[in-house]
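Worksheet for the structure shown next.
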Amino acid sequence: MELTVDARTSLLDLLRERLALTGAKKGCDHGQCGACTVHIDGRRVASCLTLAAKVDGREVLTIEGLAEGDTLHPMQQAFIDHDALQCGYCTPGQIMAAVACVAEGNATSRERIREYMSGNICRCGAYVGIVAAIEDAAAKMGRG
């Protein structure tokens, strides 16, 4: 897909406002809450701090592309199974960060999971369920 964007446009604004991919949320707009987490070339990034022009030619994965058709990604299913959400606002960013945490090999203990997920804030306090979901999904993803 080819788009013309203003050089100052953030990836988050491009995704939400121009492409109608509203999974990534605008939480703090300063890269401190993790609600806008997406993957670029397999690495997690805060899309609010990433210029859209910088992703030209790179693979961007949002929560909308994580499932395969009607089959949820193991992390998405684990979040449901472990009640790892309340209001749901942070959930897409939490899930994208959790997938990266597993892929990076950092889901080997609860302490490590907490450390590598610390950039993603849940104001409802669903952390116990989030950690349990990551442990569960990591095993299913072959990384736990």
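So you can find residues: chains in the structure tokens are A, B, ... in the order shown, residues in each start at 1, and ligands are numbered from 1 in order.
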message = Need the shell around range 86-96 of chain A: protein/DNA/RNA residues with any atom at most 6 Å away, counting only C-alpha atoms. Skip same-chain ones fewer than 5 positions apart. Format as an MDAnalysis selection string?
response = chainID A and resid 23 34:37 63
Take the residues from that selection and write them out as a CSV table (one decimal), in the first residue's frame, keeping all heavy atoms.
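Output file out.csv is given in full below:
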```csv
chain,number,residue,atom,x,y,z
A,23,GLY,N,-7.1,-0.6,16.7
A,23,GLY,CA,-6.7,-1.5,17.8
A,23,GLY,C,-5.6,-0.8,18.7
A,23,GLY,O,-5.7,-0.8,19.9
A,34,GLY,N,2.3,2.1,26.6
A,34,GLY,CA,2.3,0.9,25.9
A,34,GLY,C,1.0,0.6,25.1
A,34,GLY,O,0.9,-0.4,24.5
A,35,ALA,N,0.0,1.5,25.3
A,35,ALA,CA,-1.3,1.2,24.7
A,35,ALA,C,-1.2,1.2,23.1
A,35,ALA,O,-2.1,0.6,22.5
A,35,ALA,CB,-2.3,2.2,25.1
A,36,CYS,N,-0.2,1.8,22.6
A,36,CYS,CA,-0.1,1.9,21.1
A,36,CYS,C,0.9,0.9,20.5
A,36,CYS,O,1.3,1.0,19.4
A,36,CYS,CB,0.4,3.3,20.8
A,36,CYS,SG,2.0,3.7,21.3
A,37,THR,N,1.3,-0.1,21.3
A,37,THR,CA,2.3,-1.1,20.9
A,37,THR,C,1.9,-1.8,19.6
A,37,THR,O,0.8,-2.4,19.5
A,37,THR,CB,2.7,-2.1,22.0
A,37,THR,OG1,3.0,-1.4,23.2
A,37,THR,CG2,3.8,-3.0,21.6
A,63,ILE,N,-2.6,-5.4,16.1
A,63,ILE,CA,-3.5,-6.4,16.7
A,63,ILE,C,-4.5,-6.9,15.7
A,63,ILE,O,-4.9,-8.1,15.7
A,63,ILE,CB,-4.2,-5.9,17.9
A,63,ILE,CG1,-4.9,-7.0,18.7
A,63,ILE,CG2,-5.2,-4.8,17.6
A,63,ILE,CD1,-4.0,-7.8,19.5
```
I'd like the neighbourhood of range 26-33 of chain A as a ChimeraX atom specification, where a residue qualifies if any of its atoms comes within 10 Å (using only C-alpha atoms), though same-chain residues fewer than 3 positions away should be ignored. /A:10,12-13,16,22-23,36-37,45-50,89-90,93-94,118-123
Please dump the current selection as a short mmCIF file (atom, residue, chain, number, x, y, z; two decimals), in the first residue's frame; keep N, CA and C atoms.
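What landed in part_12.cif:
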```cif
data_model
loop_
_atom_site.label_atom_id
_atom_site.label_comp_id
_atom_site.auth_asym_id
_atom_site.auth_seq_id
_atom_site.Cartn_x
_atom_site.Cartn_y
_atom_site.Cartn_z
N SER A 10 2.60 10.59 13.07
CA SER A 10 3.04 9.40 13.81
C SER A 10 2.40 8.17 13.17
N LEU A 12 1.00 5.85 14.80
CA LEU A 12 -0.28 5.67 15.49
C LEU A 12 -1.39 6.46 14.80
N ASP A 13 -1.14 7.72 14.50
CA ASP A 13 -2.16 8.54 13.84
C ASP A 13 -2.46 8.02 12.44
N ARG A 16 -4.66 4.80 12.90
CA ARG A 16 -6.01 5.07 13.42
C ARG A 16 -6.82 5.97 12.50
N THR A 22 -7.93 0.72 14.43
CA THR A 22 -8.07 1.41 15.71
C THR A 22 -7.68 0.55 16.92
N GLY A 23 -7.08 -0.61 16.69
CA GLY A 23 -6.67 -1.46 17.80
C GLY A 23 -5.63 -0.79 18.68
N CYS A 36 -0.20 1.80 22.58
CA CYS A 36 -0.07 1.91 21.12
C CYS A 36 0.94 0.91 20.54
N THR A 37 1.31 -0.12 21.31
CA THR A 37 2.33 -1.06 20.86
C THR A 37 1.92 -1.81 19.60
N VAL A 45 7.26 -1.73 19.11
CA VAL A 45 7.55 -0.30 19.16
C VAL A 45 6.33 0.45 19.67
N ALA A 46 6.57 1.62 20.21
CA ALA A 46 5.49 2.54 20.57
C ALA A 46 5.16 3.32 19.31
N SER A 47 4.00 3.06 18.74
CA SER A 47 3.65 3.70 17.47
C SER A 47 3.42 5.19 17.61
N CYS A 48 3.17 5.67 18.84
CA CYS A 48 2.98 7.11 19.02
C CYS A 48 4.30 7.88 18.88
N LEU A 49 5.42 7.19 19.06
CA LEU A 49 6.73 7.82 18.95
C LEU A 49 7.43 7.52 17.63
N THR A 50 6.79 6.74 16.78
CA THR A 50 7.38 6.32 15.52
C THR A 50 6.79 7.14 14.38
N TYR A 89 -9.03 -1.30 27.24
CA TYR A 89 -8.35 -0.23 26.51
C TYR A 89 -6.89 -0.57 26.22
N CYS A 90 -6.19 -1.10 27.20
CA CYS A 90 -4.76 -1.40 27.02
C CYS A 90 -4.53 -2.76 26.37
N GLY A 93 -2.41 -3.36 23.04
CA GLY A 93 -1.00 -3.08 23.27
C GLY A 93 -0.36 -4.12 24.17
N GLN A 94 -1.09 -4.56 25.19
CA GLN A 94 -0.59 -5.60 26.09
C GLN A 94 -0.34 -6.89 25.30
N SER A 118 6.88 -4.30 31.67
CA SER A 118 6.73 -3.13 32.53
C SER A 118 6.43 -1.84 31.77
N GLY A 119 6.68 -1.78 30.50
CA GLY A 119 6.37 -0.60 29.71
C GLY A 119 4.92 -0.51 29.28
N ASN A 120 4.13 -1.52 29.65
CA ASN A 120 2.71 -1.54 29.30
C ASN A 120 1.88 -1.43 30.58
N ILE A 121 1.16 -0.34 30.69
CA ILE A 121 0.40 -0.04 31.90
C ILE A 121 -1.06 -0.48 31.74
N CYS A 122 -1.57 -1.15 32.79
CA CYS A 122 -2.99 -1.49 32.87
C CYS A 122 -3.54 -0.74 34.06
N ARG A 123 -4.33 0.26 33.80
CA ARG A 123 -4.87 1.07 34.89
C ARG A 123 -5.92 0.32 35.71
#
```
Quick one: residues within 12 Å of Ala67 in chain A, only C-alpha atoms, excluding same-chain residues fewer than 4 positions away - as an mmCIF file with N, CA, C and O atoms, in the first residue's frame?
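Saved file part29.cif follows:
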```cif
data_model
loop_
_atom_site.group_PDB
_atom_site.id
_atom_site.type_symbol
_atom_site.label_atom_id
_atom_site.label_comp_id
_atom_site.auth_asym_id
_atom_site.auth_seq_id
_atom_site.Cartn_x
_atom_site.Cartn_y
_atom_site.Cartn_z
ATOM 1 N N LEU A 61 2.860 -4.838 11.929
ATOM 2 C CA LEU A 61 1.823 -5.763 12.389
ATOM 3 C C LEU A 61 1.088 -5.126 13.547
ATOM 4 O O LEU A 61 1.702 -4.708 14.537
ATOM 5 N N THR A 62 -0.234 -5.040 13.422
ATOM 6 C CA THR A 62 -1.086 -4.508 14.480
ATOM 7 C C THR A 62 -1.915 -5.659 15.033
ATOM 8 O O THR A 62 -1.929 -6.758 14.471
ATOM 9 N N ILE A 63 -2.642 -5.386 16.092
ATOM 10 C CA ILE A 63 -3.509 -6.404 16.692
ATOM 11 C C ILE A 63 -4.501 -6.945 15.664
ATOM 12 O O ILE A 63 -4.859 -8.121 15.703
ATOM 13 N N THR A 71 -9.306 -17.833 13.638
ATOM 14 C CA THR A 71 -8.539 -18.472 14.702
ATOM 15 C C THR A 71 -7.684 -17.438 15.408
ATOM 16 O O THR A 71 -6.786 -16.826 14.804
ATOM 17 N N LEU A 72 -7.967 -17.240 16.685
ATOM 18 C CA LEU A 72 -7.199 -16.277 17.461
ATOM 19 C C LEU A 72 -5.761 -16.743 17.646
ATOM 20 O O LEU A 72 -5.493 -17.939 17.695
ATOM 21 N N HIS A 73 -4.865 -15.803 17.756
ATOM 22 C CA HIS A 73 -3.477 -16.093 18.105
ATOM 23 C C HIS A 73 -3.503 -16.693 19.513
ATOM 24 O O HIS A 73 -4.360 -16.323 20.330
ATOM 25 N N PRO A 74 -2.581 -17.606 19.842
ATOM 26 C CA PRO A 74 -2.565 -18.186 21.190
ATOM 27 C C PRO A 74 -2.540 -17.140 22.306
ATOM 28 O O PRO A 74 -3.141 -17.348 23.367
ATOM 29 N N MET A 75 -1.895 -16.010 22.084
ATOM 30 C CA MET A 75 -1.855 -14.974 23.121
ATOM 31 C C MET A 75 -3.229 -14.331 23.292
ATOM 32 O O MET A 75 -3.655 -14.063 24.423
ATOM 33 N N GLN A 76 -3.929 -14.098 22.193
ATOM 34 C CA GLN A 76 -5.270 -13.530 22.290
ATOM 35 C C GLN A 76 -6.188 -14.474 23.066
ATOM 36 O O GLN A 76 -6.937 -14.040 23.949
ATOM 37 N N GLN A 77 -6.110 -15.757 22.751
ATOM 38 C CA GLN A 77 -6.947 -16.744 23.433
ATOM 39 C C GLN A 77 -6.580 -16.834 24.907
ATOM 40 O O GLN A 77 -7.459 -16.929 25.771
ATOM 41 N N ILE A 95 -1.278 -7.272 24.454
ATOM 42 C CA ILE A 95 -1.133 -8.506 23.675
ATOM 43 C C ILE A 95 0.044 -8.402 22.715
ATOM 44 O O ILE A 95 0.850 -9.338 22.608
ATOM 45 N N MET A 96 0.180 -7.283 22.024
ATOM 46 C CA MET A 96 1.303 -7.136 21.087
ATOM 47 C C MET A 96 2.637 -7.178 21.831
ATOM 48 O O MET A 96 3.595 -7.796 21.371
ATOM 49 N N VAL A 99 3.266 -10.866 22.929
ATOM 50 C CA VAL A 99 3.771 -11.694 21.827
ATOM 51 C C VAL A 99 5.265 -11.443 21.627
ATOM 52 O O VAL A 99 6.053 -12.368 21.460
#
```
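Of the residues listed (A:Ala52, A:Ala100, A:Ala78, A:Val38), A:Ala52 shows the shortest atom-to-atom separation from Thr9 in chain A; distances use only C-alpha atoms.
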### Query
Skipping near chain neighbours, those fewer than 6 positions away, what residues fall within 10 Å of Val128 in chain A using only C-alpha atoms, listed as a list in words?
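After dropping sequence-adjacent residues, the list is His82, Asp83, Ala84, Leu85, Arg110 and Arg114 of chain A.
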Based on the backbone DSSP call, show me all residues of range 33-101 of chain A assigned alpha helix (DSSP H), as a PyMOL selection string.
chain A and resi 74-81+91-101
Could you write out the selected residues, including N, CA, C and O atoms, as a compact mmCIF listing (two decimals), in the first residue's frame?
```txt
# COMPACT_ATOMS: atom_id res chain seq x y z
N PRO A 74 -2.58 -17.61 19.84
CA PRO A 74 -2.57 -18.19 21.19
C PRO A 74 -2.54 -17.14 22.31
O PRO A 74 -3.14 -17.35 23.37
N MET A 75 -1.89 -16.01 22.08
CA MET A 75 -1.85 -14.97 23.12
C MET A 75 -3.23 -14.33 23.29
O MET A 75 -3.65 -14.06 24.42
N GLN A 76 -3.93 -14.10 22.19
CA GLN A 76 -5.27 -13.53 22.29
C GLN A 76 -6.19 -14.47 23.07
O GLN A 76 -6.94 -14.04 23.95
N GLN A 77 -6.11 -15.76 22.75
CA GLN A 77 -6.95 -16.74 23.43
C GLN A 77 -6.58 -16.83 24.91
O GLN A 77 -7.46 -16.93 25.77
N ALA A 78 -5.29 -16.78 25.21
CA ALA A 78 -4.85 -16.85 26.61
C ALA A 78 -5.35 -15.65 27.41
O ALA A 78 -5.72 -15.80 28.58
N PHE A 79 -5.38 -14.47 26.81
CA PHE A 79 -5.90 -13.30 27.50
C PHE A 79 -7.38 -13.50 27.85
O PHE A 79 -7.83 -13.11 28.93
N ILE A 80 -8.12 -14.12 26.97
CA ILE A 80 -9.53 -14.42 27.25
C ILE A 80 -9.63 -15.48 28.35
O ILE A 80 -10.36 -15.31 29.33
N ASP A 81 -8.87 -16.56 28.20
CA ASP A 81 -8.94 -17.68 29.14
C ASP A 81 -8.54 -17.30 30.56
O ASP A 81 -9.03 -17.88 31.52
N THR A 91 -5.57 -3.57 26.26
CA THR A 91 -5.42 -4.97 25.85
C THR A 91 -4.70 -5.17 24.52
O THR A 91 -3.80 -6.00 24.44
N PRO A 92 -5.03 -4.45 23.45
CA PRO A 92 -4.29 -4.68 22.20
C PRO A 92 -2.79 -4.43 22.36
O PRO A 92 -1.98 -5.24 21.89
N GLY A 93 -2.41 -3.36 23.04
CA GLY A 93 -1.00 -3.08 23.27
C GLY A 93 -0.36 -4.12 24.17
O GLY A 93 0.78 -4.54 23.95
N GLN A 94 -1.09 -4.56 25.19
CA GLN A 94 -0.59 -5.60 26.09
C GLN A 94 -0.34 -6.89 25.30
O GLN A 94 0.69 -7.53 25.46
N ILE A 95 -1.28 -7.27 24.45
CA ILE A 95 -1.13 -8.51 23.68
C ILE A 95 0.04 -8.40 22.72
O ILE A 95 0.85 -9.34 22.61
N MET A 96 0.18 -7.28 22.02
CA MET A 96 1.30 -7.14 21.09
C MET A 96 2.64 -7.18 21.83
O MET A 96 3.59 -7.80 21.37
N ALA A 97 2.70 -6.54 23.00
CA ALA A 97 3.93 -6.57 23.80
C ALA A 97 4.17 -7.98 24.32
O ALA A 97 5.32 -8.43 24.39
N ALA A 98 3.11 -8.68 24.70
CA ALA A 98 3.25 -10.04 25.22
C ALA A 98 3.76 -11.00 24.15
O ALA A 98 4.62 -11.85 24.42
N VAL A 99 3.27 -10.87 22.93
CA VAL A 99 3.77 -11.69 21.83
C VAL A 99 5.27 -11.44 21.63
O VAL A 99 6.05 -12.37 21.46
N ALA A 100 5.66 -10.17 21.68
CA ALA A 100 7.07 -9.82 21.54
C ALA A 100 7.88 -10.35 22.72
O ALA A 100 9.00 -10.86 22.52
N CYS A 101 7.34 -10.28 23.91
CA CYS A 101 8.03 -10.78 25.11
C CYS A 101 8.37 -12.26 24.93
O CYS A 101 9.49 -12.69 25.22
```
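Proximity to Gly57 in chain A was assessed for A:Met1, A:Ser109, A:Gly42, A:Leu19 counting only C-alpha atoms; the smallest distance is recorded for A:Met1.
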From the list A:Ile113, A:Leu14, A:Leu66, A:Ala53, the nearest residue to Tyr127 in chain A using only C-alpha atoms is A:Ile113
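For the pair CA of Asp136 in chain A and CA of Ala107 in chain A, the separation is 9.9 Å.
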One residue among A:Glu68, A:Leu15, A:Met141, A:Leu21 is nearest to Ala103 in chain A when using only C-alpha atoms, and that residue is A:Met141
_Taking 4 positions as the minimum chain separation for residues in the same chain, which residues sit within 10 Å of Arg58 in chain A when counting only C-alpha atoms? Answer as a PyMOL selection string._
chain A and resi 40-42+54
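CA of Glu17 in chain A is found 12.7 Å from CA of Leu3 in chain A.
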Quiz item: Mind pulling up the distance from CA of Asp56 in chain A to CA of Asn106 in chain A?
Solution: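 The value is 28.6 Å.
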